[in-house]
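**Q** Got a structure for you, run_22.cif, holding mmCIF, C-alpha atoms.
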```cif
data_final
loop_
_atom_site.label_atom_id
_atom_site.label_comp_id
_atom_site.auth_asym_id
_atom_site.auth_seq_id
_atom_site.Cartn_x
_atom_site.Cartn_y
_atom_site.Cartn_z
CA MET A 119 54.17 45.05 111.48
CA ALA A 120 55.40 42.70 108.75
CA SER A 121 56.91 45.61 106.83
CA GLN A 122 58.86 46.69 109.92
CA LYS A 123 60.30 43.19 110.27
CA ILE A 124 61.29 43.16 106.61
CA LYS A 125 62.99 46.55 106.97
CA LYS A 126 64.87 45.30 110.04
CA LEU A 127 66.03 42.20 108.18
CA LEU A 128 67.15 44.26 105.17
CA LEU A 129 69.14 46.61 107.40
CA ASN A 130 71.20 43.63 108.52
CA ILE A 131 72.58 43.43 104.99
CA PRO A 132 75.71 45.67 104.96
CA SER A 133 75.20 47.09 101.47
CA VAL A 134 71.56 47.99 102.20
CA ARG A 135 72.43 49.49 105.57
CA HIS A 136 75.20 51.60 103.93
CA TYR A 137 72.78 52.83 101.26
CA VAL A 138 70.14 53.82 103.81
CA GLU A 139 72.65 55.59 106.05
CA THR A 140 74.13 57.47 103.11
CA THR A 141 70.68 58.50 101.87
CA ASN A 142 69.67 59.72 105.32
CA ASN A 143 72.90 61.69 105.67
CA ILE A 144 72.34 63.37 102.32
CA ARG A 145 68.74 64.17 103.23
CA ASN A 146 69.79 65.61 106.59
CA GLU A 147 72.55 67.66 104.98
CA ASN A 148 70.11 69.06 102.42
CA ILE A 149 67.72 70.01 105.21
CA ARG A 150 70.58 71.68 107.11
CA LEU A 151 71.70 73.60 104.00
CA THR A 152 68.13 74.69 103.28
CA HIS A 153 67.79 76.00 106.81
CA GLU A 154 71.19 77.75 106.50
CA ILE A 155 70.18 79.41 103.25
CA GLU A 156 66.87 80.53 104.72
CA LYS A 157 68.71 81.90 107.75
CA LYS A 158 71.24 83.82 105.62
CA THR A 159 68.48 85.14 103.35
CA SER A 160 66.61 86.38 106.41
CA LEU A 161 69.74 88.01 107.83
CA ILE A 162 70.55 89.71 104.53
CA SER A 163 67.01 91.02 104.22
CA GLN A 164 67.44 92.65 107.63
CA SER A 165 71.05 93.81 107.07
CA ARG A 166 72.29 97.32 106.36
CA SER A 167 72.61 96.55 102.62
CA PRO A 168 69.79 94.22 101.56
CA ALA A 169 69.84 95.45 97.96
CA LEU A 170 73.51 94.61 97.51
CA PHE A 171 73.47 90.86 97.78
CA ASN A 172 73.16 88.82 94.61
CA CYS A 173 76.10 86.48 95.16
CA SER A 174 78.70 85.62 97.78
CA ASP A 175 81.19 88.14 96.30
CA ASP A 176 78.95 90.95 97.53
CA PHE A 177 80.30 90.38 101.03
CA LEU A 178 83.71 91.49 99.67
CA THR A 179 82.15 94.72 98.42
CA GLU A 180 80.20 95.45 101.60
CA ARG A 181 83.43 95.31 103.63
CA LEU A 182 84.70 98.35 101.71
CA LEU A 183 81.54 100.43 102.05
CA SER A 184 80.92 103.11 104.65
CA HIS A 185 77.23 103.39 103.75
CA PRO A 186 74.24 101.04 103.67
CA ILE A 187 72.85 99.98 100.31
CA LYS A 188 69.08 99.94 100.58
CA SER A 189 68.56 100.10 96.82
CA LEU A 190 70.83 100.33 93.80
CA SER A 191 70.99 103.22 91.36
CA GLY A 192 71.01 102.08 87.74
CA SER A 193 72.96 105.16 86.65
CA LEU A 194 76.13 104.18 88.53
CA THR A 195 78.63 102.56 86.15
CA LEU A 196 82.37 102.04 85.87
CA ALA A 197 83.97 104.02 83.05
CA SER A 198 87.45 104.08 81.51
CA GLU A 199 89.45 106.93 80.04
CA PRO A 200 92.56 105.90 78.05
CA ALA A 201 95.81 107.82 77.83
CA ARG A 202 95.99 110.17 74.87
CA HIS A 203 98.74 111.40 72.58
CA ILE A 204 100.75 114.18 74.22
CA ALA A 205 103.36 115.87 72.03
CA ASN A 206 106.13 116.19 74.63
CA ARG A 207 105.96 112.71 76.20
CA VAL A 208 109.46 111.76 75.00
CA GLU A 209 111.03 115.04 76.15
CA VAL A 210 109.45 114.55 79.58
CA ALA A 211 110.77 110.98 79.70
CA GLU A 212 114.27 112.30 79.03
CA ARG A 213 113.99 114.62 82.05
CA LEU A 214 112.74 111.75 84.20
CA ILE A 215 115.56 109.41 83.20
CA LYS A 216 118.21 112.07 83.87
CA ALA A 217 116.84 112.83 87.34
CA TYR A 218 116.47 109.14 88.21
CA HIS A 219 120.05 108.23 87.31
CA LYS A 220 121.43 111.25 89.17
CA ALA A 221 119.48 110.09 92.23
CA LEU A 222 120.89 106.57 91.97
CA ALA A 223 124.43 107.92 91.66
CA ASP A 224 124.04 110.28 94.62
CA GLU A 225 122.32 107.75 96.85
CA ALA A 226 125.54 105.80 97.25
CA ALA A 227 127.13 108.80 99.00
CA SER A 228 124.09 109.65 101.10
CA PRO A 229 124.31 109.15 104.88
CA LEU A 230 120.65 108.03 104.88
CA ARG A 231 120.39 104.68 103.15
CA ARG A 232 117.67 102.16 102.46
CA GLU A 233 118.01 98.80 104.19
CA GLY A 234 117.96 96.56 101.14
CA GLU A 235 115.92 97.12 97.99
CA ASP A 236 112.85 99.23 98.69
CA LEU A 237 109.32 97.90 98.37
CA TRP A 238 108.46 99.66 95.12
CA THR A 239 111.66 98.99 93.21
CA GLY A 240 111.53 95.32 94.17
CA LEU A 241 107.85 95.12 93.28
CA LEU A 242 108.33 96.79 89.92
CA ARG A 243 111.41 94.72 89.15
CA ASN A 244 109.32 91.57 89.58
CA GLU A 245 106.02 92.80 88.14
CA LEU A 246 107.06 95.37 85.52
CA PRO A 247 110.62 94.62 84.40
CA GLU A 248 110.04 96.46 81.10
CA LEU A 249 109.68 99.73 83.02
CA LEU A 250 113.04 99.37 84.75
CA ASN A 251 114.63 98.10 81.54
CA ALA A 252 113.58 101.30 79.76
CA ILE A 253 114.99 103.41 82.59
CA ASP A 254 118.22 101.43 82.94
CA SER A 255 118.84 101.59 79.17
CA ARG A 256 117.98 105.32 79.13
CA ASP A 257 115.48 104.69 76.32
CA ALA A 258 113.19 107.74 76.49
CA VAL A 259 110.93 106.59 73.66
CA LYS A 260 110.37 103.22 75.29
CA LEU A 261 109.79 104.82 78.71
CA ALA A 262 107.31 107.36 77.30
CA ASP A 263 105.37 104.59 75.58
CA PHE A 264 105.32 102.44 78.71
CA LEU A 265 104.13 105.26 80.98
CA ALA A 266 101.37 106.21 78.55
CA ASN A 267 100.02 102.65 78.57
CA PHE A 268 100.69 101.74 82.20
CA GLY A 269 97.53 100.76 84.03
CA THR A 270 95.48 99.56 81.07
CA SER A 271 94.85 96.33 82.98
CA TYR A 272 94.33 95.26 86.60
CA VAL A 273 97.29 95.39 89.00
CA TRP A 274 97.18 93.72 92.40
CA PHE A 275 99.15 96.54 94.07
CA GLY A 276 98.11 100.17 94.36
CA GLY A 277 99.44 103.68 94.82
CA ILE A 278 101.02 104.41 91.45
CA THR A 279 98.17 103.91 88.98
CA THR A 280 94.59 105.01 88.47
CA CYS A 281 93.43 101.66 87.13
CA ILE A 282 91.52 98.89 88.87
CA ASP A 283 93.83 97.60 91.58
CA GLY A 284 94.02 95.52 94.73
CA PHE A 285 91.66 97.82 96.64
CA ASN A 286 88.77 95.79 95.19
CA LYS A 287 88.57 92.03 95.70
CA ASP A 288 85.23 91.75 93.86
CA LEU A 289 86.15 92.86 90.34
CA ARG A 290 82.68 93.13 88.85
CA PRO A 291 82.43 96.64 87.33
CA GLU A 292 79.23 97.52 89.16
CA SER A 293 80.78 96.58 92.52
CA ILE A 294 83.90 98.64 91.86
CA ALA A 295 81.80 101.66 90.85
CA LEU A 296 79.82 101.31 94.06
CA THR A 297 82.94 101.47 96.26
CA TYR A 298 84.26 104.54 94.41
CA HIS A 299 80.91 106.35 94.69
CA ASP A 300 80.88 105.47 98.40
CA LYS A 301 84.13 107.43 98.82
CA LEU A 302 82.75 110.42 96.91
CA VAL A 303 79.70 110.46 99.19
CA SER A 304 81.99 110.25 102.25
CA LEU A 305 83.97 113.24 100.97
CA ALA A 306 80.75 115.20 100.52
CA GLU A 307 79.67 114.34 104.07
CA SER A 308 83.04 115.46 105.46
CA LEU A 309 82.40 118.89 103.94
CA GLY A 310 78.76 119.11 104.97
CA VAL A 311 77.65 119.03 101.33
CA LEU A 312 75.58 115.98 102.21
CA ARG A 313 74.27 115.53 105.74
CA TYR A 314 75.83 112.76 107.77
CA GLU A 315 73.19 110.07 108.05
CA SER A 316 72.22 108.46 111.36
CA PRO A 317 71.38 104.77 111.84
CA GLU A 318 69.72 105.71 115.12
CA SER A 319 67.22 108.30 113.92
CA GLY A 320 67.52 108.34 110.13
CA PRO A 321 67.69 108.98 107.31
CA TRP A 322 69.81 105.93 106.60
CA GLY A 323 70.82 104.89 103.08
CA ASP A 324 69.63 107.89 101.06
CA ASN A 325 73.04 109.46 100.34
CA MET A 326 74.24 106.55 98.22
CA LEU A 327 71.39 107.24 95.78
CA SER A 328 72.89 110.66 94.99
CA ASP A 329 74.05 111.31 91.42
CA SER A 330 77.88 111.34 91.16
CA THR A 331 78.02 114.38 88.90
CA ASP A 332 75.70 116.34 91.17
CA VAL A 333 77.76 115.44 94.25
CA LEU A 334 80.99 116.40 92.47
CA ASN A 335 79.56 119.78 91.40
CA ARG A 336 78.31 120.52 94.90
CA ILE A 337 81.74 119.72 96.36
CA ALA A 338 83.43 121.98 93.80
CA HIS A 339 81.04 124.82 94.64
CA LYS A 340 81.71 124.35 98.34
CA ILE A 341 85.50 124.44 98.13
CA GLY A 342 85.74 126.91 95.26
CA ILE A 343 88.04 125.06 92.87
CA ASP A 344 87.77 122.83 89.80
CA ILE A 345 88.18 119.29 91.11
CA HIS A 346 88.05 117.41 87.81
CA PRO A 347 91.34 115.51 87.50
CA PRO A 348 93.16 115.83 84.17
CA MET A 349 92.36 113.03 81.75
CA GLY A 350 94.59 111.41 79.15
CA ILE A 351 97.90 111.40 81.05
CA ILE A 352 97.57 107.78 82.17
CA HIS A 353 94.81 105.23 81.89
CA THR A 354 92.01 105.89 84.36
CA ASP A 355 89.17 103.68 85.57
CA GLY A 356 86.45 105.11 87.78
CA ILE A 357 82.98 106.55 88.05
CA LYS A 358 81.80 109.04 85.47
CA ALA A 359 81.28 112.43 87.09
CA GLY A 360 80.81 115.38 84.78
CA LYS A 361 83.61 115.61 82.26
CA SER A 362 85.96 113.30 84.14
CA VAL A 363 86.37 109.78 85.39
CA LEU A 364 87.05 109.67 89.13
CA HIS A 365 89.31 106.97 90.53
CA TYR A 366 89.15 106.40 94.28
CA ARG A 367 92.70 107.77 94.60
CA HIS A 368 91.55 111.13 93.24
CA ILE A 369 89.00 111.27 96.07
CA ASN A 370 91.52 110.20 98.73
CA ALA A 371 94.03 112.78 97.48
CA LEU A 372 91.52 115.61 97.36
CA TYR A 373 90.48 114.83 100.92
CA SER A 374 94.13 114.92 102.10
CA ALA A 375 94.70 118.23 100.31
CA LEU A 376 91.59 119.66 101.96
CA ARG A 377 92.72 118.52 105.41
CA LEU A 378 96.06 120.24 104.82
CA HIS A 379 94.25 123.34 103.55
CA ALA A 380 92.14 123.50 106.71
CA LEU A 381 95.36 123.70 108.73
CA ASN A 382 97.37 125.80 106.32
CA LYS A 383 95.15 128.86 105.91
CA LYS A 384 98.08 131.08 104.92
CA GLN A 385 99.04 128.62 102.16
CA GLU A 386 102.59 128.27 103.44
CA ALA A 387 105.23 125.76 102.30
CA VAL A 388 104.34 122.07 102.63
CA CYS A 389 106.37 118.88 102.37
CA GLU A 390 105.05 115.34 101.88
CA PHE A 391 106.92 112.15 102.66
CA GLY A 392 105.87 109.58 100.06
CA GLY A 393 103.68 111.35 97.52
CA GLY A 394 102.50 108.52 95.29
CA LEU A 395 101.58 109.93 91.88
CA GLY A 396 101.50 113.47 93.26
CA ILE A 397 97.71 113.87 93.10
CA THR A 398 97.55 115.42 96.59
CA ALA A 399 100.20 117.92 95.50
CA MET A 400 98.17 118.75 92.40
CA TYR A 401 95.03 119.48 94.42
CA SER A 402 97.04 121.43 97.01
CA LEU A 403 98.26 123.75 94.26
CA ARG A 404 94.68 124.30 93.14
CA LEU A 405 93.82 125.22 96.74
CA GLY A 406 96.53 127.88 96.74
CA VAL A 407 99.77 126.31 97.96
CA LYS A 408 102.66 127.42 95.76
CA ASP A 409 105.64 125.78 97.49
CA TYR A 410 105.21 121.98 97.72
CA THR A 411 108.01 119.42 98.10
CA ILE A 412 107.77 115.63 97.91
CA PHE A 413 110.44 113.37 99.39
CA ASP A 414 110.25 109.84 98.02
CA LEU A 415 112.08 106.91 96.48
CA PRO A 416 113.77 107.59 93.12
CA ILE A 417 111.41 105.28 91.22
CA THR A 418 108.30 106.87 92.76
CA CYS A 419 109.65 110.36 92.04
CA LEU A 420 109.92 109.30 88.41
CA LEU A 421 106.30 108.12 88.27
CA ALA A 422 105.07 111.22 90.11
CA GLY A 423 107.15 113.46 87.86
CA HIS A 424 105.54 111.97 84.77
CA TYR A 425 102.04 112.56 86.13
CA LEU A 426 102.63 116.03 87.55
CA ILE A 427 104.52 117.48 84.58
CA HIS A 428 101.59 116.63 82.32
CA ALA A 429 98.98 117.59 84.96
CA ILE A 430 100.23 121.01 86.06
CA GLY A 431 102.75 121.96 83.38
CA GLU A 432 106.43 121.23 82.76
CA ASN A 433 107.52 124.59 84.18
CA ASN A 434 105.71 123.95 87.45
CA VAL A 435 107.65 120.81 88.40
CA VAL A 436 111.29 120.62 89.47
CA LEU A 437 112.98 117.23 89.29
CA TYR A 438 116.11 116.23 91.19
CA GLY A 439 119.18 117.99 89.82
CA GLU A 440 117.19 120.73 88.08
CA GLU A 441 117.32 124.41 88.98
CA ALA A 442 115.23 125.11 92.07
CA LYS A 443 112.07 127.20 91.86
CA GLU A 444 110.12 128.45 94.85
CA ASN A 445 106.66 128.33 93.25
CA ALA A 446 106.66 124.75 92.00
CA VAL A 447 106.33 121.14 93.08
CA LYS A 448 109.77 119.80 93.94
CA LEU A 449 110.37 116.05 93.63
CA LEU A 450 113.39 115.05 95.69
CA PRO A 451 114.85 111.68 96.70
CA TYR A 452 114.16 110.84 100.33
CA TRP A 453 117.65 111.61 101.71
CA GLU A 454 117.37 115.23 100.61
CA CYS A 455 115.20 115.86 103.68
CA GLN A 456 118.45 116.00 105.66
CA LYS A 457 119.62 119.03 103.68
CA GLN A 458 116.64 121.31 104.28
CA ASP A 459 116.94 124.50 106.33
CA ASP A 460 115.45 124.71 109.81
CA ASN A 461 111.74 125.56 109.66
CA ARG A 462 111.87 125.37 105.86
CA PHE A 463 108.23 124.13 105.80
CA SER A 464 105.19 125.03 107.84
CA TYR A 465 103.51 121.61 107.56
CA ALA A 466 104.44 118.02 106.74
CA LEU A 467 102.15 115.26 105.47
CA ASN A 468 102.49 111.50 105.39
CA GLN A 469 99.74 109.19 104.20
CA ASP A 470 99.54 105.48 103.62
CA SER A 471 103.24 104.73 104.07
CA LEU A 472 105.00 105.43 107.38
CA PRO A 473 104.16 102.09 109.08
CA GLU A 474 105.30 100.24 105.94
CA ILE A 475 108.89 101.47 105.64
CA SER A 476 112.07 100.47 107.44
CA ASP A 477 112.68 101.57 111.03
CA ASN A 478 115.79 103.57 110.22
CA LEU A 479 113.89 105.70 107.68
CA ILE A 480 110.98 106.24 110.07
CA LYS A 481 113.33 107.42 112.81
CA GLU A 482 115.21 109.77 110.51
CA TYR A 483 112.08 111.17 108.84
CA LEU A 484 110.62 112.10 112.23
CA THR A 485 113.92 113.63 113.31
CA GLN A 486 114.03 115.75 110.17
CA ILE A 487 110.36 116.75 110.47
CA LYS A 488 111.09 118.18 113.93
CA LYS A 489 113.96 120.17 112.43
CA MET A 490 112.57 121.46 109.15
CA VAL A 491 108.83 121.81 109.91
CA ALA A 492 107.65 124.77 111.96
CA LYS A 493 103.97 124.18 112.70
CA GLY A 494 102.62 120.67 112.38
CA PHE A 495 102.60 117.13 111.03
CA LEU A 496 99.49 115.50 109.53
CA SER A 497 99.39 111.70 109.34
CA ILE A 498 96.73 109.60 107.59
CA ASN A 499 97.75 105.98 108.05
CA HIS A 500 96.43 102.53 108.92
CA GLU A 501 97.35 100.58 112.06
CA CYS A 502 97.35 97.12 110.49
CA PHE A 503 100.88 96.39 111.72
CA HIS A 504 100.23 97.28 115.37
CA PRO A 505 102.27 98.12 117.39
CA ARG A 506 104.02 99.67 114.37
CA THR A 507 101.83 102.79 114.39
CA VAL A 508 102.48 106.48 113.83
CA MET A 509 101.40 107.19 117.41
CA ARG A 510 104.04 104.84 118.79
CA PHE A 511 106.76 106.13 116.44
CA THR A 512 106.12 109.75 117.43
CA GLU A 513 106.06 108.87 121.14
CA GLU A 514 109.42 107.12 120.83
CA SER A 515 110.88 109.98 118.79
CA GLY A 516 109.70 112.65 121.24
CA GLY A 517 108.91 116.26 120.41
CA PHE A 518 105.48 115.55 118.91
CA GLU A 519 102.28 116.61 120.69
CA LEU A 520 99.10 114.92 119.47
CA LEU A 521 96.32 117.50 119.13
CA HIS A 522 93.78 115.50 117.16
CA ARG A 523 93.09 111.83 116.44
CA SER A 524 90.03 110.58 114.56
CA LYS A 525 88.83 108.16 111.95
CA CYS A 526 89.47 109.24 108.39
CA TRP A 527 86.26 110.23 106.60
CA VAL A 528 87.08 108.64 103.25
CA ARG A 529 89.17 105.61 104.29
CA ASP A 530 87.68 103.17 106.75
CA GLY A 531 90.44 101.66 108.87
CA TYR A 532 92.68 104.73 108.54
CA VAL A 533 93.52 107.10 111.38
CA GLU A 534 93.94 110.83 110.95
CA GLU A 535 96.32 112.45 113.45
CA PHE A 536 97.66 115.98 113.72
CA TYR A 537 100.76 116.74 115.77
CA THR A 538 102.34 120.02 116.75
CA LEU A 539 106.11 120.12 117.05
CA GLN A 540 108.13 120.98 120.12
CA ASN A 541 111.08 122.41 118.20
#
```
Please go through the file and, once you have read it, give me the structure as C-alpha cells.

**A**
Amino acid sequence: MASQKIKKLLLNIPSVRHYVETTNNIRNENIRLTHEIEKKTSLISQSRSPALFNCSDDFLTERLLSHPIKSLSGSLTLASEPARHIANRVEVAERLIKAYHKALADEAASPLRREGEDLWTGLLRNELPELLNAIDSRDAVKLADFLANFGTSYVWFGGITTCIDGFNKDLRPESIALTYHDKLVSLAESLGVLRYESPESGPWGDNMLSDSTDVLNRIAHKIGIDIHPPMGIIHTDGIKAGKSVLHYRHINALYSALRLHALNKKQEAVCEFGGGLGITAMYSLRLGVKDYTIFDLPITCLLAGHYLIHAIGENNVVLYGEEAKENAVKLLPYWECQKQDDNRFSYALNQDSLPEISDNLIKEYLTQIKKMVAKGFLSINHECFHPRTVMRFTEESGGFELLHRSKCWVRDGYVEEFYTLQN
C-alpha cells in the first residue's frame, strides 16, 4: 500500500510521469511489433511461396512469379555472357548508319508523322547520348564499339537489351534467376511439356524445381527447332540452360513466335509493328517463316538491325533503302506500312507497344492492318492504361472481329487477343 502511494506521488512529477509514459509506449510498441512479426511469419509459412522469404525484397520477386516456391533449387543461378569480337561489326554499323539517316531524311516528307519526339529516341537521348552522338556523327567505329558493349550494366528501361533491366525490382542475382526460370517453366506448360499444376488438387510447386537445361531441351524436342539464342552479339544476362544464357526476353519472344506459328501453318508472310531487338523475327524464321517485315521507329530499326544481321546473317536482313528480298527480314520505318500492297501479309503481330504510342499512330496502324493483312492480327499487350486498350482501339477502328482473348502464358498481366479482319 505504501509503495502504491509513493508511485502515485512520483507520477505527479512531470519528468517522472513523462519517463513512465514513454517507457510504457515503447514497451507496448515492441509488443505490437512482436505480434506483427509473428503474424507475418505465420502467414508466410502458410503462403504459396514459404521457401522464398528471407527479406522484405522477396515480396517484389513473388509479384513477378506465376508459380509457388515451396523449396529453392541450389542449381539455379544468374549467368552472364559478354559480347565477343565479330569481324564485320564496323561494316554492319556503316549499313545501320546509312539506313538510319535515310529514314530521318524521308520522314520529313512522310504523311504519317510522330507527334513530338518518340519515346525511345527521347529516352536514349537522355540516357545514352553517346549512342546518338555516334549515329549523328556517322562514326561507324564508335557505333560498333558502343553496340558491342551496350547492356553490360543495369538499365531501368527494357525492350532493347538482354541485360538486367527494369523488369526486376529486387536485383539480387538469385531472385532475378528465379523470375527468368519461372517464365521458362510457363513456356513449357503452354506447350504441354510440363503439366499445368493445380492448386485445387495438386501437384502444386513441383515444376519450379525442374532443371533449366532439361526444360529447354524438352521444349526444343517438342517444337522441333534449336531454341538456343546466339551468344556474343550483345551482352546477355540470364539463366544458364545448355550452351546458352536465356534472358526473359528470349522466352517471351519464342512464345510469341510459337503463337504466330500456331496460326500461320502455311508459313506465309508476317509483319510486326514494333519488333524490339527482332528476337521474335529470329525465332519465326527458325519455325519456317521466310518473309518477315518489321515496322518500327528509325532508332529501334537500327538496334534490331544490329542484332539480326549478326544473329541470322547479313544477307538475310534488308535495311531501309537496300534492295528488297522476299526471303529475308525487312526492317522498315513505321510510315512504310502505308506503301504496302493490299493483302501483302497474311498475319500481323503487335506486342508490348500499341497502348503506349500516340493515338494518331494507333489509328493509322489499324487502318493499314485492315488493308495489307489478309487473315488475322495477333496482339499481346497489357491493359495498364485502361481504357487505352487494344480491344477498345479495334472496336473504334471497326473491321476487327475478336475470335480469342486469354491471359498470356508467359507474361502475367498481359492479354493475348486474336482478331480476324473484315476486309

**Q** Could you give me, as a tab-separated table, a per-residue list for range 367-450 of chain A showing, wherever an atom lies at most 10 Å from an atom of range 331-349 of chain A, the closest pair of atoms and their distance in Å to one decimal, using only C-alpha atoms and sorting by chain then residue number from low to high?

**A**
```
residue	atom	partner	partner_atom	distance
A:His368	CA	A:Pro347	CA	7.2
A:Ile369	CA	A:Ile345	CA	9.5
A:Leu372	CA	A:Ile345	CA	8.0
A:Leu376	CA	A:Ile341	CA	8.6
A:Ile397	CA	A:Pro347	CA	8.6
A:Met400	CA	A:Pro347	CA	9.0
A:Tyr401	CA	A:Ile345	CA	7.6
A:Arg404	CA	A:Ile343	CA	6.7
A:Leu405	CA	A:Ile343	CA	7.0
A:Gly406	CA	A:Ile343	CA	9.7
A:Tyr425	CA	A:Pro348	CA	9.7
A:His428	CA	A:Pro348	CA	8.7
A:Ala429	CA	A:Pro348	CA	6.1
A:Ile430	CA	A:Pro348	CA	9.0
```

**Q** In Å, with one decimal, what is the gap from CA of Gln458 in chain A to CA of Val388 in chain A?

**A**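 Going from CA of Gln458 in chain A over to CA of Val388 in chain A covers 12.4 Å.
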
**Q** Taking the file above as input, evaluate the PyMOL selection byres ((chain A and resi 502-509) around 9) and report the hits as a PyMOL selection string.

**A** chain A and resi 472-474+497+499-501+510-514+520+531+535

**Q** Residues as selected, C-alpha atoms, written as an mmCIF file, keeping the file's coordinate frame, can you do that?

**A**
```
data_model
loop_
_atom_site.group_PDB
_atom_site.id
_atom_site.type_symbol
_atom_site.label_atom_id
_atom_site.label_comp_id
_atom_site.auth_asym_id
_atom_site.auth_seq_id
_atom_site.Cartn_x
_atom_site.Cartn_y
_atom_site.Cartn_z
ATOM 1 C CA LEU A 472 105.000 105.430 107.380
ATOM 2 C CA PRO A 473 104.160 102.090 109.080
ATOM 3 C CA GLU A 474 105.300 100.240 105.940
ATOM 4 C CA SER A 497 99.390 111.700 109.340
ATOM 5 C CA ASN A 499 97.750 105.980 108.050
ATOM 6 C CA HIS A 500 96.430 102.530 108.920
ATOM 7 C CA GLU A 501 97.350 100.580 112.060
ATOM 8 C CA ARG A 510 104.040 104.840 118.790
ATOM 9 C CA PHE A 511 106.760 106.130 116.440
ATOM 10 C CA THR A 512 106.120 109.750 117.430
ATOM 11 C CA GLU A 513 106.060 108.870 121.140
ATOM 12 C CA GLU A 514 109.420 107.120 120.830
ATOM 13 C CA LEU A 520 99.100 114.920 119.470
ATOM 14 C CA GLY A 531 90.440 101.660 108.870
ATOM 15 C CA GLU A 535 96.320 112.450 113.450
#
```

**Q** Please check which residues have atoms at most 6 Å from (110.2, 117.9, 119.4) in the file's coordinates, counting all atoms listed in the file, and write them as a PDB file with C-alpha atoms, in the coordinates of the input.

**A**
```
ATOM      1  CA  LYS A 488     111.090 118.180 113.930  1.00  0.00           C
ATOM      2  CA  GLY A 516     109.700 112.650 121.240  1.00  0.00           C
ATOM      3  CA  GLY A 517     108.910 116.260 120.410  1.00  0.00           C
ATOM      4  CA  PHE A 518     105.480 115.550 118.910  1.00  0.00           C
ATOM      5  CA  LEU A 539     106.110 120.120 117.050  1.00  0.00           C
ATOM      6  CA  GLN A 540     108.130 120.980 120.120  1.00  0.00           C
ATOM      7  CA  ASN A 541     111.080 122.410 118.200  1.00  0.00           C
TER       8      ASN A 541
END
```

**Q** Quick one: everything within 7 Å of range 268-278 of chain A, counting all atoms listed in the file, minus sequence neighbours fewer than 5 positions away in the same chain. Send it as a PyMOL selection string.

**A** chain A and resi 283-284+352-353+394-395

**Q** Have a look at CA of Ala258 in chain A and CA of Glu432 in chain A and let me know their distance in Å, one decimal.

**A**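 Computed distance, CA of Ala258 in chain A to CA of Glu432 in chain A, equals 16.3 Å.
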
**Q** Within 7 Å of range 479-487 of chain A, counting only C-alpha atoms, which residues show up once you throw out same-chain ones fewer than 3 positions away? Write them as a list of chain:residue names, please.

**A**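 Contacts, with the query itself left out: A:Cys455, A:Gln456, A:Leu472, A:Ile475, A:Ser476, A:Met490, A:Val491, A:Ser515.
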
**Q** Counting only C-alpha atoms, figure out which residue out of A:His219, A:Arg367, A:Leu289, A:Pro168 gets nearest to Leu250 in chain A.

**A**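 Of A:His219, A:Arg367, A:Leu289, A:Pro168, the one nearest Leu250 in chain A, counting only C-alpha atoms, is A:His219.
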
**Q** In the coordinate frame of the file, compute which residues have an atom within 9 Å of (111.9, 114.6, 96.3) when using all atoms listed in the file, and state them as a PDB file with C-alpha atoms, keeping the file's coordinate frame.

**A**
```pdb
ATOM      1  CA  GLU A 390     105.050 115.340 101.880  1.00  0.00           C
ATOM      2  CA  PHE A 391     106.920 112.150 102.660  1.00  0.00           C
ATOM      3  CA  GLY A 392     105.870 109.580 100.060  1.00  0.00           C
ATOM      4  CA  GLY A 393     103.680 111.350  97.520  1.00  0.00           C
ATOM      5  CA  THR A 411     108.010 119.420  98.100  1.00  0.00           C
ATOM      6  CA  ILE A 412     107.770 115.630  97.910  1.00  0.00           C
ATOM      7  CA  PHE A 413     110.440 113.370  99.390  1.00  0.00           C
ATOM      8  CA  ASP A 414     110.250 109.840  98.020  1.00  0.00           C
ATOM      9  CA  LEU A 415     112.080 106.910  96.480  1.00  0.00           C
ATOM     10  CA  PRO A 416     113.770 107.590  93.120  1.00  0.00           C
ATOM     11  CA  CYS A 419     109.650 110.360  92.040  1.00  0.00           C
ATOM     12  CA  LEU A 437     112.980 117.230  89.290  1.00  0.00           C
ATOM     13  CA  TYR A 438     116.110 116.230  91.190  1.00  0.00           C
ATOM     14  CA  LYS A 448     109.770 119.800  93.940  1.00  0.00           C
ATOM     15  CA  LEU A 449     110.370 116.050  93.630  1.00  0.00           C
ATOM     16  CA  LEU A 450     113.390 115.050  95.690  1.00  0.00           C
ATOM     17  CA  PRO A 451     114.850 111.680  96.700  1.00  0.00           C
ATOM     18  CA  TYR A 452     114.160 110.840 100.330  1.00  0.00           C
ATOM     19  CA  TRP A 453     117.650 111.610 101.710  1.00  0.00           C
ATOM     20  CA  GLU A 454     117.370 115.230 100.610  1.00  0.00           C
ATOM     21  CA  CYS A 455     115.200 115.860 103.680  1.00  0.00           C
TER      22      CYS A 455
END
```

**Q** Using the chain letters and residue numbers of this document, give as a compact mmCIF listing (two decimals) with C-alpha atoms, in the frame of the given file the residues selected by the PyMOL selection byres ((chain A and resi 291) around 10).

**A**
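Output contents, as saved in selection.txt:
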```
# COMPACT_ATOMS: atom_id res chain seq x y z
CA LEU A 194 76.13 104.18 88.53
CA THR A 195 78.63 102.56 86.15
CA LEU A 196 82.37 102.04 85.87
CA ALA A 197 83.97 104.02 83.05
CA ILE A 282 91.52 98.89 88.87
CA ASP A 288 85.23 91.75 93.86
CA LEU A 289 86.15 92.86 90.34
CA ARG A 290 82.68 93.13 88.85
CA GLU A 292 79.23 97.52 89.16
CA SER A 293 80.78 96.58 92.52
CA ILE A 294 83.90 98.64 91.86
CA ALA A 295 81.80 101.66 90.85
CA LEU A 296 79.82 101.31 94.06
CA ASP A 355 89.17 103.68 85.57
CA GLY A 356 86.45 105.11 87.78
CA ILE A 357 82.98 106.55 88.05
```
